[in-house]
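**Q** What follows is the file upload-v4.txt, containing compact mmCIF, C-alpha atoms:
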```
# COMPACT_ATOMS: atom_id res chain seq x y z
CA MET A 1 95.44 104.58 68.63
CA LYS A 2 96.71 102.08 71.13
CA LYS A 3 93.90 99.58 71.52
CA LEU A 4 94.36 96.44 73.61
CA LEU A 5 93.49 93.10 72.09
CA ILE A 6 91.20 91.14 74.35
CA CYS A 7 90.69 87.48 75.11
CA MET A 8 90.24 85.36 78.17
CA THR A 9 93.79 86.07 79.33
CA ALA A 10 95.96 89.14 79.54
CA ILE A 11 96.86 90.68 76.19
CA LEU A 12 99.87 92.89 75.65
CA ILE A 13 99.81 96.17 73.76
CA PHE A 14 100.87 95.53 70.21
CA CYS A 15 102.41 98.79 69.07
CA GLN A 16 105.04 101.18 70.31
CA THR A 17 104.64 104.80 71.27
CA ALA A 18 106.46 107.37 69.17
CA TYR A 19 107.32 109.94 71.78
CA ALA A 20 110.14 110.05 74.31
CA GLU A 21 109.46 110.47 77.99
CA GLN A 22 110.96 113.27 80.05
CA THR A 23 112.18 112.92 83.59
CA PRO A 24 109.77 113.95 86.36
CA PRO A 25 109.58 117.72 86.91
CA SER A 26 111.47 119.54 89.63
CA VAL A 27 108.85 121.39 91.69
CA TYR A 28 109.58 123.57 94.71
CA ALA A 29 106.00 123.71 96.02
CA LYS A 30 105.32 121.83 99.24
CA GLY A 31 102.22 120.24 97.74
CA ALA A 32 101.73 119.77 94.00
CA VAL A 33 99.76 117.63 91.60
CA LEU A 34 99.11 117.07 87.90
CA ILE A 35 95.80 115.44 86.94
CA ASP A 36 93.99 114.46 83.77
CA GLY A 37 91.20 116.99 83.38
CA ASP A 38 88.84 114.44 81.87
CA SER A 39 89.12 111.55 84.31
CA GLY A 40 90.62 113.26 87.36
CA ARG A 41 93.38 110.63 87.48
CA VAL A 42 96.57 111.75 89.20
CA LEU A 43 99.44 111.71 86.70
CA TRP A 44 102.13 113.09 89.00
CA GLY A 45 102.17 114.29 92.57
CA LYS A 46 104.29 115.62 95.39
CA ASN A 47 102.63 115.45 98.80
CA GLU A 48 99.41 115.78 96.82
CA SER A 49 97.26 114.44 99.67
CA GLU A 50 98.90 116.46 102.45
CA PRO A 51 96.49 119.00 104.01
CA LEU A 52 97.70 122.57 103.45
CA THR A 53 96.21 126.04 103.45
CA MET A 54 95.19 127.20 99.98
CA ALA A 55 94.66 130.99 100.17
CA SER A 56 92.49 132.55 97.44
CA THR A 57 92.31 129.40 95.35
CA THR A 58 89.40 128.95 97.77
CA LYS A 59 87.43 131.29 95.50
CA ILE A 60 87.16 128.56 92.85
CA MET A 61 84.63 126.83 95.09
CA THR A 62 82.97 130.12 96.01
CA ALA A 63 82.41 130.86 92.33
CA ILE A 64 80.95 127.49 91.41
CA ILE A 65 78.52 127.52 94.35
CA VAL A 66 77.34 130.99 93.31
CA LEU A 67 76.97 129.93 89.67
CA GLU A 68 74.99 126.82 90.59
CA GLU A 69 72.77 128.23 93.33
CA GLY A 70 72.60 131.94 92.57
CA ASN A 71 71.28 134.06 89.72
CA ILE A 72 73.89 136.12 87.90
CA ASP A 73 71.33 138.87 87.21
CA ASP A 74 70.50 139.32 90.91
CA MET A 75 71.38 142.62 92.54
CA VAL A 76 73.52 142.00 95.62
CA THR A 77 73.25 144.45 98.51
CA VAL A 78 76.64 144.88 100.17
CA SER A 79 76.66 144.37 103.94
CA SER A 80 78.86 146.18 106.42
CA ARG A 81 80.71 142.91 107.02
CA ALA A 82 81.55 142.62 103.33
CA ALA A 83 82.55 146.29 103.11
CA LYS A 84 85.00 145.83 105.99
CA SER A 85 86.85 142.93 104.35
CA PRO A 86 90.64 143.22 104.39
CA GLN A 87 92.67 143.98 101.28
CA VAL A 88 92.64 143.06 98.48
CA ARG A 89 89.17 144.59 98.01
CA MET A 90 87.00 146.60 95.63
CA ASN A 91 86.30 149.17 98.32
CA LEU A 92 82.62 148.35 98.32
CA THR A 93 80.44 150.42 100.63
CA ALA A 94 77.65 149.11 102.83
CA GLY A 95 74.26 149.40 101.17
CA GLU A 96 75.41 149.66 97.57
CA GLN A 97 74.02 147.18 95.07
CA ILE A 98 76.01 145.31 92.45
CA ARG A 99 75.07 142.57 90.01
CA GLU A 100 76.05 139.10 91.08
CA GLU A 101 77.79 138.50 87.75
CA ASP A 102 79.94 141.62 88.14
CA LEU A 103 81.02 140.50 91.59
CA LEU A 104 82.00 137.10 90.18
CA TYR A 105 84.26 138.71 87.58
CA ALA A 106 85.80 140.96 90.22
CA MET A 107 86.37 138.09 92.62
CA MET A 108 87.88 135.64 90.15
CA MET A 109 89.92 138.07 88.06
CA LYS A 110 91.25 140.36 90.78
CA SER A 111 90.65 138.21 93.87
CA TYR A 112 88.67 140.90 95.71
CA ASN A 113 87.81 139.69 99.20
CA ASP A 114 84.82 141.97 99.77
CA ALA A 115 83.23 140.62 96.58
CA ALA A 116 83.56 137.07 97.91
CA VAL A 117 81.87 137.94 101.22
CA ALA A 118 79.05 139.81 99.49
CA LEU A 119 78.39 136.83 97.22
CA ALA A 120 78.51 134.35 100.09
CA GLU A 121 76.01 136.31 102.14
CA HIS A 122 73.66 136.81 99.20
CA VAL A 123 73.61 133.17 98.07
CA GLY A 124 74.08 131.40 101.40
CA GLY A 125 72.21 133.71 103.76
CA SER A 126 75.38 134.12 105.81
CA VAL A 127 79.08 133.49 105.40
CA GLU A 128 78.89 130.56 107.79
CA GLU A 129 76.01 128.85 105.96
CA PHE A 130 77.71 129.43 102.62
CA CYS A 131 80.94 127.85 103.86
CA ASP A 132 78.98 124.81 105.00
CA LYS A 133 77.73 124.51 101.43
CA MET A 134 81.30 124.77 100.16
CA THR A 135 82.53 121.98 102.41
CA GLN A 136 79.60 119.74 101.51
CA LYS A 137 80.14 120.36 97.81
CA ALA A 138 83.80 119.45 98.16
CA LYS A 139 82.82 116.07 99.59
CA GLU A 140 80.39 115.49 96.72
CA ILE A 141 83.13 116.26 94.18
CA GLY A 142 85.49 113.81 95.84
CA ALA A 143 87.66 116.36 97.66
CA GLU A 144 87.55 114.48 100.92
CA ASP A 145 90.16 116.35 102.95
CA THR A 146 88.91 119.90 102.35
CA VAL A 147 87.22 122.19 104.86
CA PHE A 148 86.06 125.74 104.14
CA SER A 149 85.40 128.39 106.78
CA SER A 150 86.06 131.37 104.52
CA PRO A 151 84.68 132.25 101.08
CA ASN A 152 87.78 134.25 100.14
CA GLY A 153 90.65 132.19 101.57
CA LEU A 154 91.82 134.69 104.18
CA ASP A 155 93.10 132.49 106.97
CA SER A 156 94.60 134.84 109.57
CA HIS A 157 91.67 134.38 111.96
CA LEU A 158 91.11 130.69 111.23
CA THR A 159 92.75 127.57 112.60
CA PHE A 160 94.23 125.02 110.20
CA GLU A 161 91.41 122.61 111.08
CA GLN A 162 88.83 125.20 110.02
CA HIS A 163 90.24 125.93 106.57
CA HIS A 164 92.48 123.64 104.56
CA SER A 165 92.66 121.46 101.47
CA THR A 166 95.17 119.40 99.51
CA ALA A 167 96.78 119.86 96.11
CA LYS A 168 94.78 116.92 94.77
CA ASP A 169 91.48 118.18 96.22
CA MET A 170 91.93 121.66 94.74
CA ALA A 171 92.66 120.15 91.32
CA LEU A 172 89.49 118.06 91.56
CA ILE A 173 87.48 121.13 92.55
CA ALA A 174 88.88 123.02 89.56
CA ARG A 175 88.09 120.08 87.29
CA TYR A 176 84.48 120.22 88.44
CA ALA A 177 84.26 124.00 88.06
CA LEU A 178 85.68 123.89 84.53
CA GLN A 179 82.64 121.91 83.43
CA ASN A 180 80.62 125.12 83.90
CA ASP A 181 80.79 127.27 80.75
CA LYS A 182 80.26 130.55 82.62
CA PHE A 183 83.07 129.73 85.02
CA VAL A 184 85.41 129.08 82.08
CA GLU A 185 84.36 132.36 80.48
CA ILE A 186 85.10 134.31 83.65
CA VAL A 187 88.52 132.84 84.42
CA ASN A 188 89.62 133.28 80.79
CA THR A 189 88.69 136.95 80.63
CA HIS A 190 91.78 139.17 80.30
CA SER A 191 90.09 142.52 80.92
CA ILE A 192 86.56 143.76 81.57
CA THR A 193 84.79 147.00 82.43
CA LEU A 194 81.99 146.62 84.96
CA PRO A 195 79.19 149.07 85.72
CA LEU A 196 79.03 149.42 89.49
CA LYS A 197 76.70 151.00 92.03
CA GLY A 198 73.58 149.61 90.41
CA GLY A 199 74.17 151.29 87.07
CA GLU A 200 74.55 154.84 88.42
CA GLY A 201 77.27 155.63 85.90
CA LYS A 202 80.34 154.47 87.84
CA GLN A 203 82.54 151.99 85.98
CA TYR A 204 85.33 149.76 87.13
CA THR A 205 87.94 148.28 84.76
CA ILE A 206 89.54 145.04 85.86
CA THR A 207 92.62 143.43 84.30
CA ASN A 208 93.37 139.80 85.06
CA PRO A 209 96.87 139.46 86.59
CA ASN A 210 97.01 135.72 85.90
CA ARG A 211 100.29 135.49 83.96
CA PHE A 212 99.64 131.88 83.07
CA LEU A 213 96.93 132.99 80.63
CA GLN A 214 99.38 135.15 78.72
CA GLU A 215 102.47 132.99 78.99
CA TYR A 216 101.37 129.40 78.42
CA ASN A 217 100.06 127.91 75.21
CA GLY A 218 96.58 126.50 75.75
CA ALA A 219 96.07 128.03 79.21
CA ILE A 220 92.45 128.23 80.42
CA GLY A 221 92.83 129.64 83.94
CA VAL A 222 92.34 129.21 86.83
CA LYS A 223 93.16 131.04 90.13
CA THR A 224 96.08 132.46 92.07
CA GLY A 225 96.32 132.76 95.85
CA TYR A 226 98.57 134.07 98.58
CA THR A 227 98.51 134.53 102.34
CA ASN A 228 101.31 134.60 104.88
CA LYS A 229 100.27 131.13 106.04
CA ALA A 230 99.72 129.55 102.63
CA GLY A 231 102.51 131.14 100.61
CA GLN A 232 102.18 131.39 96.85
CA CYS A 233 99.50 129.09 95.42
CA PHE A 234 98.05 128.48 91.99
CA VAL A 235 95.55 126.15 90.39
CA GLY A 236 96.03 126.08 86.63
CA ALA A 237 94.48 124.38 83.62
CA ALA A 238 95.52 124.08 80.00
CA LYS A 239 94.15 122.32 76.94
CA ARG A 240 96.02 121.20 73.87
CA ASP A 241 94.28 119.18 71.17
CA ASP A 242 92.19 116.60 73.01
CA ILE A 243 94.01 116.71 76.35
CA THR A 244 93.15 118.92 79.33
CA LEU A 245 95.60 119.03 82.24
CA ILE A 246 95.04 120.58 85.66
CA THR A 247 97.76 121.43 88.17
CA THR A 248 97.88 122.68 91.73
CA VAL A 249 100.90 124.12 93.51
CA LEU A 250 100.57 125.03 97.20
CA ALA A 251 103.28 126.84 99.16
CA SER A 252 105.55 127.54 96.19
CA GLY A 253 107.41 130.06 98.30
CA TRP A 254 107.06 133.55 99.73
CA GLY A 255 107.90 137.04 98.58
CA GLN A 256 108.91 137.92 95.05
CA GLU A 257 110.89 134.70 94.68
CA GLY A 258 107.82 132.66 95.60
CA ARG A 259 105.67 134.66 93.21
CA GLU A 260 107.95 133.68 90.35
CA GLN A 261 108.33 130.13 91.59
CA LYS A 262 104.61 129.31 91.39
CA TRP A 263 104.67 130.07 87.67
CA LYS A 264 107.84 128.00 87.20
CA ASP A 265 106.33 125.09 89.12
CA THR A 266 103.08 125.23 87.15
CA LYS A 267 104.80 125.41 83.77
CA ALA A 268 107.15 122.57 84.70
CA LEU A 269 104.18 120.36 85.59
CA MET A 270 102.29 121.26 82.44
CA ASP A 271 105.33 120.73 80.21
CA TYR A 272 105.90 117.33 81.76
CA GLY A 273 102.27 116.39 81.26
CA PHE A 274 102.00 117.42 77.63
CA SER A 275 105.36 115.84 76.78
CA ASN A 276 104.70 112.50 78.45
CA TYR A 277 100.99 111.82 78.16
CA LYS A 278 98.86 111.14 75.12
CA LYS A 279 95.21 110.24 74.79
CA GLU A 280 94.88 106.60 73.80
CA VAL A 281 91.92 104.38 72.94
CA ILE A 282 92.41 101.28 75.06
CA ALA A 283 89.20 99.46 74.15
CA GLU A 284 86.37 100.17 71.74
CA LYS A 285 82.64 99.83 72.25
CA GLY A 286 81.49 96.75 70.35
CA GLN A 287 84.97 95.21 70.35
CA GLN A 288 84.50 91.44 70.15
CA VAL A 289 85.68 89.15 72.91
CA GLN A 290 85.12 85.38 72.54
CA GLN A 291 82.01 83.64 71.27
CA THR A 292 79.71 82.27 73.95
CA VAL A 293 78.28 78.80 73.32
CA VAL A 294 74.48 78.69 73.54
CA LEU A 295 72.56 75.55 74.53
CA TYR A 296 69.01 74.71 73.43
CA SER A 297 68.91 77.25 70.63
CA GLN A 298 69.14 77.27 66.85
CA LYS A 299 72.13 79.58 67.35
CA GLN A 300 74.99 77.45 68.57
CA SER A 301 76.99 80.52 69.66
CA ILE A 302 76.68 84.30 69.87
CA PRO A 303 79.29 87.07 69.73
CA ALA A 304 80.22 88.65 73.06
CA VAL A 305 81.34 92.28 72.86
CA LEU A 306 82.38 95.17 75.08
CA ALA A 307 79.40 97.28 76.16
CA ASP A 308 81.50 100.46 76.28
CA GLY A 309 84.84 101.76 75.13
CA PHE A 310 87.61 103.12 77.30
CA GLU A 311 90.17 105.81 76.56
CA GLY A 312 92.41 107.93 78.69
CA VAL A 313 95.60 109.90 79.04
CA PHE A 314 98.58 107.62 79.53
CA SER A 315 102.35 107.68 79.34
CA ASN A 316 104.49 105.33 77.28
CA GLU A 317 105.62 103.54 80.45
CA GLU A 318 102.01 103.05 81.59
CA LEU A 319 100.97 101.63 78.24
CA ASP A 320 103.75 99.07 78.49
CA ARG A 321 102.27 97.90 81.80
CA MET A 322 98.64 97.87 80.70
CA LYS A 323 96.70 94.67 80.14
CA LEU A 324 93.09 93.72 79.61
CA TYR A 325 91.59 90.73 81.42
CA ALA A 326 88.21 89.24 80.55
CA THR A 327 86.04 87.02 82.71
CA GLN A 328 83.24 85.65 80.56
CA ILE A 329 80.53 83.00 80.61
CA LYS A 330 81.69 80.35 78.16
CA THR A 331 78.41 78.43 77.88
CA ILE A 332 74.86 79.62 78.53
CA GLU A 333 71.37 78.20 78.12
CA ALA A 334 68.91 79.94 75.84
CA PRO A 335 67.09 82.24 75.85
CA VAL A 336 69.69 84.99 75.74
CA ALA A 337 68.62 88.62 75.30
CA LYS A 338 70.53 91.06 73.13
CA GLY A 339 72.65 93.19 75.49
CA GLN A 340 72.55 90.60 78.28
CA LYS A 341 75.62 90.70 80.49
CA LEU A 342 77.98 87.81 79.90
CA GLY A 343 81.03 88.92 81.87
CA THR A 344 83.40 91.73 82.77
CA ALA A 345 86.60 93.06 81.23
CA GLU A 346 89.10 94.76 83.52
CA VAL A 347 91.68 97.27 82.32
CA MET A 348 94.71 96.72 84.54
CA LEU A 349 97.55 99.19 84.98
CA GLY A 350 100.07 97.08 86.78
CA SER A 351 98.19 95.66 89.76
CA ASN A 352 95.54 98.42 89.74
CA CYS A 353 92.20 98.08 87.99
CA ILE A 354 91.50 101.44 86.35
CA ALA A 355 88.31 100.50 84.49
CA LYS A 356 85.67 97.78 84.33
CA ILE A 357 83.63 97.17 81.19
CA ASP A 358 80.63 94.88 80.88
CA ILE A 359 80.80 92.11 78.29
CA ILE A 360 77.40 91.69 76.66
CA ALA A 361 75.64 89.58 74.04
CA GLU A 362 75.80 91.31 70.66
CA GLN A 363 72.64 89.49 69.60
CA GLY A 364 69.90 87.46 71.19
CA ALA A 365 69.28 83.71 70.98
CA GLU A 366 65.79 82.26 71.35
CA ARG A 367 65.23 78.95 73.07
CA TYR A 368 64.05 75.99 71.03
CA THR A 369 60.33 75.67 70.55
CA LEU A 370 58.85 72.32 71.61
CA THR A 371 58.98 71.08 68.03
CA GLU A 372 62.58 72.24 67.61
CA MET A 373 63.52 70.61 70.93
CA LEU A 374 62.05 67.26 69.84
CA GLN A 375 63.93 67.49 66.56
CA TYR A 376 67.11 68.31 68.45
CA LEU A 377 66.68 65.32 70.79
CA ALA A 378 65.90 63.06 67.87
CA THR A 379 69.05 64.13 66.13
CA LYS A 380 71.06 63.49 69.26
CA TRP A 381 69.43 60.08 69.72
CA ASN A 382 70.20 59.04 66.16
CA ASN A 383 73.88 59.70 66.80
CA PHE A 384 74.07 56.77 69.25
CA ASP A 385 73.87 53.01 68.64
CA LEU A 386 71.99 50.55 70.79
CA ASP A 387 74.94 50.23 73.19
CA GLY A 388 74.91 53.99 73.84
CA LYS A 389 78.03 54.60 71.80
CA LEU A 390 78.45 57.32 69.19
CA LYS A 391 77.98 56.00 65.70
```
Rewrite the structure of this file - the entire thing - as structure tokens.
**A**
Amino acid sequence: MKKLLICMTAILIFCQTAYAEQTPPSVYAKGAVLIDGDSGRVLWGKNESEPLTMASTTKIMTAIIVLEEGNIDDMVTVSSRAAKSPQVRMNLTAGEQIREEDLLYAMMMKSYNDAAVALAEHVGGSVEEFCDKMTQKAKEIGAEDTVFSSPNGLDSHLTFEQHHSTAKDMALIARYALQNDKFVEIVNTHSITLPLKGGEGKQYTITNPNRFLQEYNGAIGVKTGYTNKAGQCFVGAAKRDDITLITTVLASGWGQEGREQKWKDTKALMDYGFSNYKKEVIAEKGQQVQQTVVLYSQKQSIPAVLADGFEGVFSNEELDRMKLYATQIKTIEAPVAKGQKLGTAEVMLGSNCIAKIDIIAEQGAERYTLTEMLQYLATKWNNFDLDGKLK
């Protein structure tokens, strides 16, 4: 545990980390990012805020909208528009009915485009209305430079302005989606057999081609993507012990070489993250700051403490630059309520404030009663002589 001592000035970390840092990863992708899955903080990036096309990683947002606004037991009637979707597709036929849940598995595991359109129409009323929901949801999540005009990520008929995201935005979208247990279950499924055509006996076995699940220790998804415009893309997540990391690589190349490169890029980012970052407790809830002097109360002072703790994923180099500043009321008149705010502590990483924590009164202090006040004044008066000097 690497807790910062706190006082009214900056306090340095008092112990050393025991792990060696690696050099930053070499990543071919045009846009790439590594984030902390808990906080969403960017740990490493390469053009992470540059708008790029994102191919079928789009379906991460499609899935979470369906899971939040749909009903997985609904029967979805396939439209002619969905049935005519380009490859890759399930070869759905217009008029057939399939459970919403089955379509989700098919879309996320095998990236079927007709499944995505069928889901969008069923939940959103139309593809266009559903895509508006996707874009709005992205803004709510904090993905501010993301626009969706397709539920499946096919971009051949769309302009760049109509459908794009960034490596950072896609990682944030995945972070949000991974908070949904059903989403995690789907993207971690290696193989599944689905009953299709409304339970008429037809079955469809789907095997997840996501190599990351098989090849990386702690992998928990998430989604591949490829179009001629976007190149090879992948949003990945992995968890080891108490750390979850999320990566995005966009435009990792084309052809077979690009297909291999996206896995190399993702693994390089993950290896760098797990080798360099550890979860550290920076401040603890209830950690004492300085005493606050109280006037007009039997209690001459009260303990001031941190209202909350703060922990995060940090590198050795970041911990060496981390300090904790406290701005606190030094003297206050009674009454003081337990939990009353007395100041603010700021966790500083270099010149950036990465967290603010309220400083509060650990206990209350009642104001003197009239009798107690008279006794207090009498005591003060007796301390002076007739010339007004202290005895």
**Q** Taking into account only C-alpha atoms, which residue in the set A:Lys356, A:Arg81, A:His122, A:Lys223 is nearest to Arg99 in chain A?
**A**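 So, comparing all the options, the nearest one is A:His122.
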**Q** Which residue gives the smallest distance to Gly273 in chain A among A:Ile35, A:Ala345, A:Leu104, A:Val293, with only C-alpha atoms counted?
**A**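 Of all the options, A:Ile35 lies closest to Gly273 in chain A.
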**Q** For Phe160 in chain A, please output as a ChimeraX atom specification all residues within 9 Å (counting only C-alpha atoms; exclusion window: fewer than 2 positions along the same chain).
**A** /A:51-53,155,158,162-164
**Q** Just want the 9 Å neighbourhood of Lys229 in chain A, counted on all atoms listed in the file, with same-chain residues fewer than 3 positions away dropped. Output as a ChimeraX atom specification.
**A** /A:53-55,155-156,226,251
**Q** For CA of Met75 in chain A and CA of Gln97 in chain A, determine how far apart the two atoms are, in Å to one decimal place.
**A** 5.8 Å
**Q** Give me the residues near Ser252 in chain A as a list of chain:residue names, where near means some atom within 6 Å (using only C-alpha atoms) and where sequence neighbours in that chain fewer than 6 positions away do not count.
**A**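 Using only C-alpha atoms, the neighbours found are A:Tyr28, A:Ala29, A:Gln232, A:Gly258, A:Gln261, A:Lys262.
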**Q** Using all atoms listed in the file, which of A:Val76, A:Val42, A:Ala94, A:Ala106 sits nearest Lys59 in chain A?
**A**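 Closest candidate: A:Ala106.
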**Q** For Ser56 in chain A, find every residue with an atom within 9 Å (counting all atoms listed in the file), except residues of its own chain fewer than 6 positions away, and show them as a ChimeraX atom specification.
**A** /A:111,113,151-154,223-227,233-234
**Q** One number please: CA of Val235 in chain A to CA of Asp102 in chain A, in Å, one decimal.
**A**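 Spanning CA of Val235 in chain A to CA of Asp102 in chain A is a straight-line distance of 22.1 Å.
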**Q** Pick the closest to Lys330 in chain A from A:Ala365, A:Val294, A:Ala32, A:Ala82: which is it, counting all atoms listed in the file?
**A** A:Val294
